[in-house]
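Okay, run_1.csv now, which holds CSV, N, CA and C atoms:
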```csv
chain,number,residue,atom,x,y,z
A,1,MET,N,9.1,24.1,32.0
A,1,MET,CA,9.0,25.2,31.1
A,1,MET,C,7.6,25.3,30.5
A,2,VAL,N,7.1,26.5,30.4
A,2,VAL,CA,5.8,26.7,29.9
A,2,VAL,C,5.9,27.3,28.5
A,3,THR,N,5.2,26.7,27.5
A,3,THR,CA,5.2,27.3,26.2
A,3,THR,C,3.9,27.8,25.9
A,4,LYS,N,3.8,28.8,25.0
A,4,LYS,CA,2.5,29.4,24.7
A,4,LYS,C,1.7,28.5,23.8
A,5,GLN,N,0.5,28.2,24.1
A,5,GLN,CA,-0.3,27.3,23.3
A,5,GLN,C,-1.5,28.1,22.8
A,6,PHE,N,-1.9,27.9,21.6
A,6,PHE,CA,-3.1,28.5,21.0
A,6,PHE,C,-4.2,27.5,20.9
A,7,SER,N,-5.3,27.8,21.5
A,7,SER,CA,-6.4,26.8,21.5
A,7,SER,C,-6.9,26.5,20.1
A,8,GLY,N,-7.1,25.2,19.8
A,8,GLY,CA,-7.6,24.8,18.5
A,8,GLY,C,-6.5,24.6,17.4
A,9,LEU,N,-5.3,25.0,17.7
A,9,LEU,CA,-4.2,24.9,16.7
A,9,LEU,C,-3.3,23.8,17.1
A,10,PRO,N,-2.9,22.9,16.2
A,10,PRO,CA,-2.0,21.8,16.5
A,10,PRO,C,-0.6,22.3,16.8
A,11,ASP,N,0.0,21.6,17.7
A,11,ASP,CA,1.4,22.0,18.0
A,11,ASP,C,2.3,21.8,16.8
A,12,GLU,N,3.3,22.6,16.6
A,12,GLU,CA,4.2,22.5,15.5
A,12,GLU,C,4.9,21.2,15.4
A,13,ALA,N,5.3,20.7,16.6
A,13,ALA,CA,6.0,19.4,16.7
A,13,ALA,C,5.1,18.3,16.2
A,14,ASP,N,3.8,18.4,16.6
A,14,ASP,CA,2.8,17.4,16.1
A,14,ASP,C,2.7,17.4,14.6
A,15,LEU,N,2.7,18.6,14.0
A,15,LEU,CA,2.6,18.7,12.6
A,15,LEU,C,3.9,18.1,11.9
A,16,ARG,N,5.0,18.4,12.5
A,16,ARG,CA,6.3,17.8,11.9
A,16,ARG,C,6.3,16.3,12.1
A,17,ARG,N,5.8,15.8,13.2
A,17,ARG,CA,5.7,14.3,13.4
A,17,ARG,C,4.7,13.7,12.4
A,18,ALA,N,3.6,14.3,12.2
A,18,ALA,CA,2.6,13.8,11.3
A,18,ALA,C,3.2,13.8,9.9
A,19,ASP,N,3.8,14.9,9.5
A,19,ASP,CA,4.4,15.0,8.2
A,19,ASP,C,5.5,13.9,8.0
A,20,SER,N,6.3,13.7,9.0
A,20,SER,CA,7.3,12.6,8.9
A,20,SER,C,6.7,11.3,8.8
A,21,LEU,N,5.7,11.0,9.5
A,21,LEU,CA,5.0,9.7,9.5
A,21,LEU,C,4.3,9.5,8.1
A,22,ALA,N,3.7,10.6,7.6
A,22,ALA,CA,3.1,10.5,6.3
A,22,ALA,C,4.1,10.1,5.2
A,23,ARG,N,5.3,10.8,5.3
A,23,ARG,CA,6.3,10.5,4.3
A,23,ARG,C,6.8,9.0,4.4
A,24,GLU,N,7.0,8.6,5.6
A,24,GLU,CA,7.4,7.2,5.9
A,24,GLU,C,6.4,6.2,5.3
A,25,ILE,N,5.1,6.4,5.6
A,25,ILE,CA,4.1,5.5,5.1
A,25,ILE,C,4.0,5.5,3.6
A,26,PHE,N,4.1,6.7,3.0
A,26,PHE,CA,4.0,6.8,1.6
A,26,PHE,C,5.2,6.1,0.9
A,27,SER,N,6.4,6.3,1.5
A,27,SER,CA,7.6,5.6,1.1
A,27,SER,C,7.4,4.1,1.1
A,28,ASP,N,6.7,3.6,2.2
A,28,ASP,CA,6.5,2.1,2.3
A,28,ASP,C,5.5,1.6,1.2
A,29,VAL,N,4.4,2.3,1.1
A,29,VAL,CA,3.3,1.7,0.2
A,29,VAL,C,3.5,2.1,-1.2
A,30,ALA,N,4.3,3.1,-1.6
A,30,ALA,CA,4.4,3.6,-2.9
A,30,ALA,C,5.4,2.8,-3.7
A,31,ASN,N,5.3,1.5,-3.7
A,31,ASN,CA,6.2,0.7,-4.5
A,31,ASN,C,5.3,-0.3,-5.3
A,32,LYS,N,5.9,-0.8,-6.3
A,32,LYS,CA,5.1,-1.6,-7.3
A,32,LYS,C,4.5,-2.8,-6.6
A,33,TRP,N,5.2,-3.5,-5.7
A,33,TRP,CA,4.7,-4.7,-5.1
A,33,TRP,C,3.6,-4.4,-4.1
A,34,ALA,N,3.8,-3.4,-3.3
A,34,ALA,CA,2.7,-3.1,-2.3
A,34,ALA,C,1.4,-2.8,-3.0
A,35,LEU,N,1.5,-1.9,-4.0
A,35,LEU,CA,0.3,-1.5,-4.7
A,35,LEU,C,-0.4,-2.7,-5.4
A,36,LEU,N,0.4,-3.6,-5.9
A,36,LEU,CA,-0.2,-4.8,-6.6
A,36,LEU,C,-0.8,-5.8,-5.5
A,37,ILE,N,-0.2,-5.9,-4.4
A,37,ILE,CA,-0.7,-6.7,-3.3
A,37,ILE,C,-2.1,-6.1,-2.8
A,38,ILE,N,-2.1,-4.8,-2.6
A,38,ILE,CA,-3.3,-4.2,-2.1
A,38,ILE,C,-4.4,-4.4,-3.1
A,39,GLU,N,-4.1,-4.2,-4.4
A,39,GLU,CA,-5.1,-4.4,-5.4
A,39,GLU,C,-5.6,-5.9,-5.5
A,40,ALA,N,-4.6,-6.8,-5.3
A,40,ALA,CA,-5.0,-8.3,-5.4
A,40,ALA,C,-5.9,-8.7,-4.2
A,41,LEU,N,-5.6,-8.1,-3.0
A,41,LEU,CA,-6.4,-8.5,-1.9
A,41,LEU,C,-7.8,-7.9,-2.0
A,42,GLY,N,-7.9,-6.6,-2.4
A,42,GLY,CA,-9.2,-6.0,-2.6
A,42,GLY,C,-10.1,-6.3,-1.4
A,43,GLU,N,-11.3,-6.8,-1.6
A,43,GLU,CA,-12.2,-7.1,-0.6
A,43,GLU,C,-12.1,-8.6,-0.1
A,44,ARG,N,-11.1,-9.3,-0.6
A,44,ARG,CA,-11.0,-10.7,-0.4
A,44,ARG,C,-10.0,-11.0,0.7
A,45,THR,N,-10.1,-12.3,1.2
A,45,THR,CA,-9.1,-12.8,2.1
A,45,THR,C,-8.4,-13.9,1.3
A,46,LEU,N,-7.0,-13.8,1.2
A,46,LEU,CA,-6.3,-14.8,0.4
A,46,LEU,C,-5.1,-15.4,1.3
A,47,ARG,N,-4.8,-16.6,0.9
A,47,ARG,CA,-3.7,-17.3,1.5
A,47,ARG,C,-2.4,-16.8,0.8
A,48,PHE,N,-1.3,-17.0,1.5
A,48,PHE,CA,0.0,-16.6,0.9
A,48,PHE,C,0.2,-17.1,-0.5
A,49,SER,N,0.0,-18.4,-0.7
A,49,SER,CA,0.2,-18.9,-2.1
A,49,SER,C,-0.8,-18.4,-3.1
A,50,GLU,N,-2.0,-18.1,-2.7
A,50,GLU,CA,-3.0,-17.4,-3.6
A,50,GLU,C,-2.5,-16.0,-4.0
A,51,LEU,N,-2.0,-15.3,-3.0
A,51,LEU,CA,-1.5,-14.0,-3.3
A,51,LEU,C,-0.3,-14.0,-4.2
A,52,ARG,N,0.6,-15.0,-4.0
A,52,ARG,CA,1.7,-15.1,-4.9
A,52,ARG,C,1.3,-15.4,-6.3
A,53,ASP,N,0.2,-16.2,-6.5
A,53,ASP,CA,-0.3,-16.5,-7.8
A,53,ASP,C,-1.0,-15.3,-8.4
A,54,GLU,N,-1.6,-14.5,-7.6
A,54,GLU,CA,-2.3,-13.3,-8.1
A,54,GLU,C,-1.3,-12.2,-8.6
A,55,VAL,N,-0.2,-12.0,-7.8
A,55,VAL,CA,0.7,-11.0,-8.1
A,55,VAL,C,1.8,-11.5,-9.0
A,56,GLU,N,1.7,-11.4,-10.3
A,56,GLU,CA,2.6,-12.1,-11.2
A,56,GLU,C,4.0,-11.5,-11.1
A,57,GLY,N,5.0,-12.4,-11.0
A,57,GLY,CA,6.4,-12.0,-11.0
A,57,GLY,C,6.9,-11.7,-9.6
A,58,ILE,N,6.1,-11.7,-8.5
A,58,ILE,CA,6.7,-11.4,-7.2
A,58,ILE,C,7.3,-12.7,-6.6
A,59,SER,N,8.5,-12.4,-6.0
A,59,SER,CA,9.2,-13.5,-5.4
A,59,SER,C,8.6,-13.8,-4.0
A,60,HIS,N,8.9,-14.9,-3.4
A,60,HIS,CA,8.5,-15.3,-2.1
A,60,HIS,C,9.0,-14.2,-1.1
A,61,LYS,N,10.3,-13.8,-1.2
A,61,LYS,CA,10.9,-12.8,-0.3
A,61,LYS,C,10.2,-11.5,-0.4
A,62,MET,N,9.9,-11.0,-1.6
A,62,MET,CA,9.3,-9.7,-1.8
A,62,MET,C,7.9,-9.7,-1.3
A,63,LEU,N,7.2,-10.8,-1.5
A,63,LEU,CA,5.8,-10.9,-1.0
A,63,LEU,C,5.8,-10.9,0.5
A,64,THR,N,6.7,-11.6,1.1
A,64,THR,CA,6.8,-11.7,2.6
A,64,THR,C,7.2,-10.3,3.2
A,65,GLN,N,8.2,-9.6,2.6
A,65,GLN,CA,8.6,-8.3,3.1
A,65,GLN,C,7.4,-7.3,3.0
A,66,ASN,N,6.7,-7.3,1.8
A,66,ASN,CA,5.6,-6.3,1.6
A,66,ASN,C,4.4,-6.6,2.5
A,67,LEU,N,4.1,-7.9,2.7
A,67,LEU,CA,3.0,-8.2,3.6
A,67,LEU,C,3.3,-7.8,5.1
A,68,ARG,N,4.6,-8.0,5.5
A,68,ARG,CA,5.0,-7.6,6.8
A,68,ARG,C,4.9,-6.1,7.0
A,69,MET,N,5.3,-5.3,5.9
A,69,MET,CA,5.2,-3.9,5.9
A,69,MET,C,3.7,-3.4,6.0
A,70,LEU,N,2.9,-4.0,5.2
A,70,LEU,CA,1.5,-3.7,5.2
A,70,LEU,C,0.8,-4.0,6.6
A,71,GLU,N,1.2,-5.1,7.2
A,71,GLU,CA,0.7,-5.5,8.5
A,71,GLU,C,1.2,-4.5,9.6
A,72,ARG,N,2.5,-4.1,9.5
A,72,ARG,CA,3.1,-3.2,10.4
A,72,ARG,C,2.4,-1.8,10.4
A,73,ASN,N,2.0,-1.4,9.2
A,73,ASN,CA,1.3,-0.1,9.0
A,73,ASN,C,-0.2,-0.2,9.3
A,74,GLY,N,-0.6,-1.4,9.6
A,74,GLY,CA,-2.1,-1.5,9.9
A,74,GLY,C,-3.0,-1.5,8.7
A,75,LEU,N,-2.4,-1.9,7.5
A,75,LEU,CA,-3.1,-1.9,6.3
A,75,LEU,C,-3.6,-3.3,5.9
A,76,ALA,N,-3.0,-4.3,6.5
A,76,ALA,CA,-3.4,-5.7,6.3
A,76,ALA,C,-3.4,-6.5,7.6
A,77,GLU,N,-4.2,-7.5,7.7
A,77,GLU,CA,-4.2,-8.4,8.8
A,77,GLU,C,-3.8,-9.7,8.4
A,78,ARG,N,-3.1,-10.4,9.3
A,78,ARG,CA,-2.6,-11.7,9.1
A,78,ARG,C,-3.2,-12.6,10.1
A,79,LYS,N,-3.9,-13.7,9.6
A,79,LYS,CA,-4.6,-14.6,10.5
A,79,LYS,C,-4.0,-16.0,10.3
A,80,VAL,N,-3.5,-16.6,11.4
A,80,VAL,CA,-2.9,-17.9,11.4
A,80,VAL,C,-3.9,-18.9,12.0
A,81,HIS,N,-4.3,-19.9,11.2
A,81,HIS,CA,-5.2,-20.9,11.6
A,81,HIS,C,-4.4,-22.1,12.2
A,82,PRO,N,-4.8,-22.6,13.4
A,82,PRO,CA,-4.0,-23.6,14.1
A,82,PRO,C,-4.2,-25.0,13.4
A,83,THR,N,-3.7,-25.1,12.2
A,83,THR,CA,-3.8,-26.4,11.5
A,83,THR,C,-2.3,-26.9,11.2
A,84,VAL,N,-2.2,-28.1,10.8
A,84,VAL,CA,-0.9,-28.6,10.3
A,84,VAL,C,-1.0,-29.0,8.9
A,85,PRO,N,-0.3,-28.4,8.0
A,85,PRO,CA,0.6,-27.2,8.3
A,85,PRO,C,-0.3,-26.0,8.5
A,86,PRO,N,0.3,-24.9,9.2
A,86,PRO,CA,-0.5,-23.7,9.5
A,86,PRO,C,-1.1,-23.1,8.2
A,87,ARG,N,-2.3,-22.6,8.3
A,87,ARG,CA,-2.9,-21.9,7.2
A,87,ARG,C,-2.9,-20.4,7.6
A,88,VAL,N,-2.3,-19.6,6.7
A,88,VAL,CA,-2.1,-18.2,7.0
A,88,VAL,C,-2.9,-17.4,5.9
A,89,GLU,N,-3.8,-16.5,6.4
A,89,GLU,CA,-4.6,-15.7,5.5
A,89,GLU,C,-4.4,-14.2,5.7
A,90,TYR,N,-4.5,-13.5,4.6
A,90,TYR,CA,-4.3,-12.0,4.7
A,90,TYR,C,-5.6,-11.3,4.1
A,91,THR,N,-5.9,-10.2,4.8
A,91,THR,CA,-7.0,-9.4,4.3
A,91,THR,C,-6.7,-7.9,4.6
A,92,LEU,N,-7.2,-7.0,3.8
A,92,LEU,CA,-7.0,-5.6,4.1
A,92,LEU,C,-7.9,-5.2,5.3
A,93,THR,N,-7.3,-4.3,6.1
A,93,THR,CA,-8.1,-3.6,7.1
A,93,THR,C,-8.9,-2.5,6.5
A,94,GLU,N,-9.7,-1.8,7.3
A,94,GLU,CA,-10.4,-0.7,6.9
A,94,GLU,C,-9.5,0.4,6.3
A,95,PRO,N,-8.4,0.8,6.9
A,95,PRO,CA,-7.5,1.8,6.3
A,95,PRO,C,-6.9,1.2,5.0
A,96,GLY,N,-6.6,-0.1,5.0
A,96,GLY,CA,-6.1,-0.7,3.7
A,96,GLY,C,-7.1,-0.6,2.6
A,97,ARG,N,-8.4,-0.9,2.9
A,97,ARG,CA,-9.4,-0.8,1.9
A,97,ARG,C,-9.6,0.7,1.4
A,98,ALA,N,-9.4,1.6,2.3
A,98,ALA,CA,-9.5,3.1,2.0
A,98,ALA,C,-8.3,3.4,1.0
A,99,LEU,N,-7.1,2.9,1.4
A,99,LEU,CA,-6.0,3.1,0.5
A,99,LEU,C,-6.2,2.5,-0.9
A,100,ARG,N,-6.8,1.4,-0.9
A,100,ARG,CA,-7.1,0.7,-2.2
A,100,ARG,C,-8.0,1.6,-3.1
A,101,ALA,N,-9.0,2.2,-2.4
A,101,ALA,CA,-9.9,3.2,-3.2
A,101,ALA,C,-9.1,4.3,-3.8
A,102,THR,N,-8.1,4.8,-3.1
A,102,THR,CA,-7.2,5.8,-3.6
A,102,THR,C,-6.3,5.3,-4.7
A,103,VAL,N,-5.8,4.1,-4.6
A,103,VAL,CA,-5.1,3.4,-5.7
A,103,VAL,C,-5.9,3.3,-6.9
A,104,ASP,N,-7.2,2.9,-6.7
A,104,ASP,CA,-8.1,2.7,-7.8
A,104,ASP,C,-8.3,4.1,-8.6
A,105,LEU,N,-8.3,5.2,-7.8
A,105,LEU,CA,-8.4,6.5,-8.5
A,105,LEU,C,-7.2,6.8,-9.3
A,106,ILE,N,-6.0,6.4,-8.8
A,106,ILE,CA,-4.8,6.6,-9.6
A,106,ILE,C,-4.8,5.7,-10.8
A,107,CYS,N,-5.3,4.5,-10.7
A,107,CYS,CA,-5.4,3.6,-11.9
A,107,CYS,C,-6.4,4.2,-12.9
A,108,ASP,N,-7.5,4.8,-12.4
A,108,ASP,CA,-8.5,5.4,-13.3
A,108,ASP,C,-7.8,6.6,-14.1
A,109,TRP,N,-7.0,7.4,-13.3
A,109,TRP,CA,-6.3,8.5,-13.9
A,109,TRP,C,-5.4,8.0,-15.0
A,110,THR,N,-4.7,6.9,-14.7
A,110,THR,CA,-3.7,6.4,-15.7
A,110,THR,C,-4.4,6.0,-17.0
A,111,HIS,N,-5.5,5.2,-16.8
A,111,HIS,CA,-6.3,4.8,-18.0
A,111,HIS,C,-6.8,6.0,-18.8
A,112,ARG,N,-7.3,7.0,-18.1
A,112,ARG,CA,-7.8,8.2,-18.8
A,112,ARG,C,-6.8,8.9,-19.6
A,113,TYR,N,-5.6,9.0,-19.1
A,113,TYR,CA,-4.5,9.8,-19.7
A,113,TYR,C,-3.4,9.0,-20.4
A,114,LEU,N,-3.7,7.7,-20.6
A,114,LEU,CA,-2.7,6.8,-21.1
A,114,LEU,C,-2.2,7.2,-22.5
A,115,GLY,N,-3.2,7.6,-23.4
A,115,GLY,CA,-2.8,8.0,-24.7
A,115,GLY,C,-2.0,9.3,-24.7
A,116,HIS,N,-2.3,10.2,-23.8
A,116,HIS,CA,-1.6,11.5,-23.7
A,116,HIS,C,-0.1,11.2,-23.2
A,117,ILE,N,0.0,10.3,-22.2
A,117,ILE,CA,1.3,10.0,-21.6
A,117,ILE,C,2.2,9.3,-22.7
A,118,GLU,N,1.6,8.3,-23.4
A,118,GLU,CA,2.3,7.6,-24.5
A,118,GLU,C,2.8,8.6,-25.5
A,119,GLY,N,1.9,9.5,-25.9
A,119,GLY,CA,2.3,10.5,-26.9
A,119,GLY,C,3.4,11.4,-26.5
A,120,ALA,N,3.4,11.8,-25.2
A,120,ALA,CA,4.4,12.7,-24.7
A,120,ALA,C,5.7,11.9,-24.6
A,121,ARG,N,5.7,10.7,-24.2
A,121,ARG,CA,6.9,9.9,-24.2
A,121,ARG,C,7.5,9.7,-25.6
A,122,ARG,N,6.7,9.5,-26.6
A,122,ARG,CA,7.2,9.3,-27.9
A,122,ARG,C,7.9,10.6,-28.4
A,123,ARG,N,7.2,11.7,-28.1
A,123,ARG,CA,7.8,13.0,-28.5
A,123,ARG,C,9.1,13.3,-27.8
A,124,PHE,N,9.1,13.0,-26.5
A,124,PHE,CA,10.3,13.2,-25.7
A,124,PHE,C,11.5,12.3,-26.2
A,125,ASP,N,11.2,11.1,-26.5
A,125,ASP,CA,12.2,10.1,-26.8
A,125,ASP,C,12.7,10.2,-28.3
A,126,SER,N,12.0,11.0,-29.1
A,126,SER,CA,12.5,11.1,-30.5
A,126,SER,C,13.4,12.3,-30.8
```
Please render this file's structure as structure tokens.
Amino acid sequence: MVTKQFSGLPDEADLRRADSLAREIFSDVANKWALLIIEALGERTLRFSELRDEVEGISHKMLTQNLRMLERNGLAERKVHPTVPPRVEYTLTEPGRALRATVDLICDWTHRYLGHIEGARRRFDS
């Protein structure tokens, strides 16, 4: 079957697939723990235990799940050193560092409008 193609325009199915993937990735990374892990890693390489110490309140299970998700999405790399016991280190990839820059912009926005947000919440709640 031949379908009409317009040169230079993406296929509608490709747009739907890209939109679906974007929603899935956003759903994965837009959670408290993922954002805190991304911020903690920053430009550094950290071991699992160091990350757990950096991200206050995170459980072993939640850290493991979120690191696996970040690795699956290509945002973090996991390196296992062949030692006894094994030493495992995590670092952000280039896309992970780019996402961190975006997260930093959101944090800057939050700091800039914190007073406004707190005032709106007080007015709403009273």
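Those residues that approach Glu94 of chain A to within 8 Å, counting only N, CA and C atoms, are A:Gly74, A:Leu75, A:Ala76, A:Glu77, A:Arg100; same-chain residues fewer than 6 positions away are not listed.
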Between atom CA of Leu35 of chain A and atom CA of Val103 of chain A, what is the distance in Å, rounded to a tenth?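 Calculated distance between atom CA of Leu35 of chain A and atom CA of Val103 of chain A is 7.4 Å.
Residue nearest Ile25 of chain A within the list A:Met62, A:Leu99, A:Thr83, A:Asp11: A:Leu99 [criterion: smallest interatomic distance, only C-alpha atoms].
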For the atom pair atom CA of Phe26 of chain A and atom CA of Arg78 of chain A, what is the interatomic distance in Å to one decimal place?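 That distance, rounded to one decimal, is 21.0 Å.
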Using only C-alpha atoms for the distances, tell me which of A:Ile38, A:Ala101, A:Leu21, A:Leu92 is nearest to Leu63 of chain A.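 Among A:Ile38, A:Ala101, A:Leu21, A:Leu92, it is A:Ile38 that comes nearest to Leu63 of chain A.
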Please identify which residues in chain A DSSP calls alpha helix (DSSP H) from the backbone, and express them as a ChimeraX atom specification. /A:12-29,32-41,48-54,60-72,94-125
Considering only C-alpha atoms, return as a ChimeraX atom specification whatever protein or nucleic-acid residues lie within 8 Å of Glu89 of chain A, sequence-local ones (same chain, fewer than 4 positions apart) excluded. /A:45-48,78-80
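Residue-level DSSP output for segment 39-123 of chain A, from the backbone, shows strand (DSSP E or B) at Thr45, Leu46, Arg47, Ala76, Glu77, Arg78, Lys79, Val80, His81, Arg87, Val88, Glu89, Tyr90, Thr91 and Leu92 of chain A.
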Okay, now the selection with N, CA and C atoms, as a CSV table (one decimal), in the coordinates of the input?
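To be explicit, this is the file written out as out_20.csv:
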```
chain,number,residue,atom,x,y,z
A,45,THR,N,-10.1,-12.3,1.2
A,45,THR,CA,-9.1,-12.8,2.1
A,45,THR,C,-8.4,-13.9,1.3
A,46,LEU,N,-7.0,-13.8,1.2
A,46,LEU,CA,-6.3,-14.8,0.4
A,46,LEU,C,-5.1,-15.4,1.3
A,47,ARG,N,-4.8,-16.6,0.9
A,47,ARG,CA,-3.7,-17.3,1.5
A,47,ARG,C,-2.4,-16.8,0.8
A,76,ALA,N,-3.0,-4.3,6.5
A,76,ALA,CA,-3.4,-5.7,6.3
A,76,ALA,C,-3.4,-6.5,7.6
A,77,GLU,N,-4.2,-7.5,7.7
A,77,GLU,CA,-4.2,-8.4,8.8
A,77,GLU,C,-3.8,-9.7,8.4
A,78,ARG,N,-3.1,-10.4,9.3
A,78,ARG,CA,-2.6,-11.7,9.1
A,78,ARG,C,-3.2,-12.6,10.1
A,79,LYS,N,-3.9,-13.7,9.6
A,79,LYS,CA,-4.6,-14.6,10.5
A,79,LYS,C,-4.0,-16.0,10.3
A,80,VAL,N,-3.5,-16.6,11.4
A,80,VAL,CA,-2.9,-17.9,11.4
A,80,VAL,C,-3.9,-18.9,12.0
A,81,HIS,N,-4.3,-19.9,11.2
A,81,HIS,CA,-5.2,-20.9,11.6
A,81,HIS,C,-4.4,-22.1,12.2
A,87,ARG,N,-2.3,-22.6,8.3
A,87,ARG,CA,-2.9,-21.9,7.2
A,87,ARG,C,-2.9,-20.4,7.6
A,88,VAL,N,-2.3,-19.6,6.7
A,88,VAL,CA,-2.1,-18.2,7.0
A,88,VAL,C,-2.9,-17.4,5.9
A,89,GLU,N,-3.8,-16.5,6.4
A,89,GLU,CA,-4.6,-15.7,5.5
A,89,GLU,C,-4.4,-14.2,5.7
A,90,TYR,N,-4.5,-13.5,4.6
A,90,TYR,CA,-4.3,-12.0,4.7
A,90,TYR,C,-5.6,-11.3,4.1
A,91,THR,N,-5.9,-10.2,4.8
A,91,THR,CA,-7.0,-9.4,4.3
A,91,THR,C,-6.7,-7.9,4.6
A,92,LEU,N,-7.2,-7.0,3.8
A,92,LEU,CA,-7.0,-5.6,4.1
A,92,LEU,C,-7.9,-5.2,5.3
```
Length of the atom CA of His60 of chain A to atom CA of Val88 of chain A vector [Å]: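 Atom CA of Val88 of chain A lies at a distance of 14.3 Å from atom CA of His60 of chain A.
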List the neighbours of Asp28 of chain A out to 8 Å using only N, CA and C atoms; skip same-chain residues closer than 5 positions along the sequence, and give me the result as a list in words.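 Result of the neighbour search: Ala22, Arg23, Ala34, Leu35, Asn66, Met69 and Leu70 of chain A.
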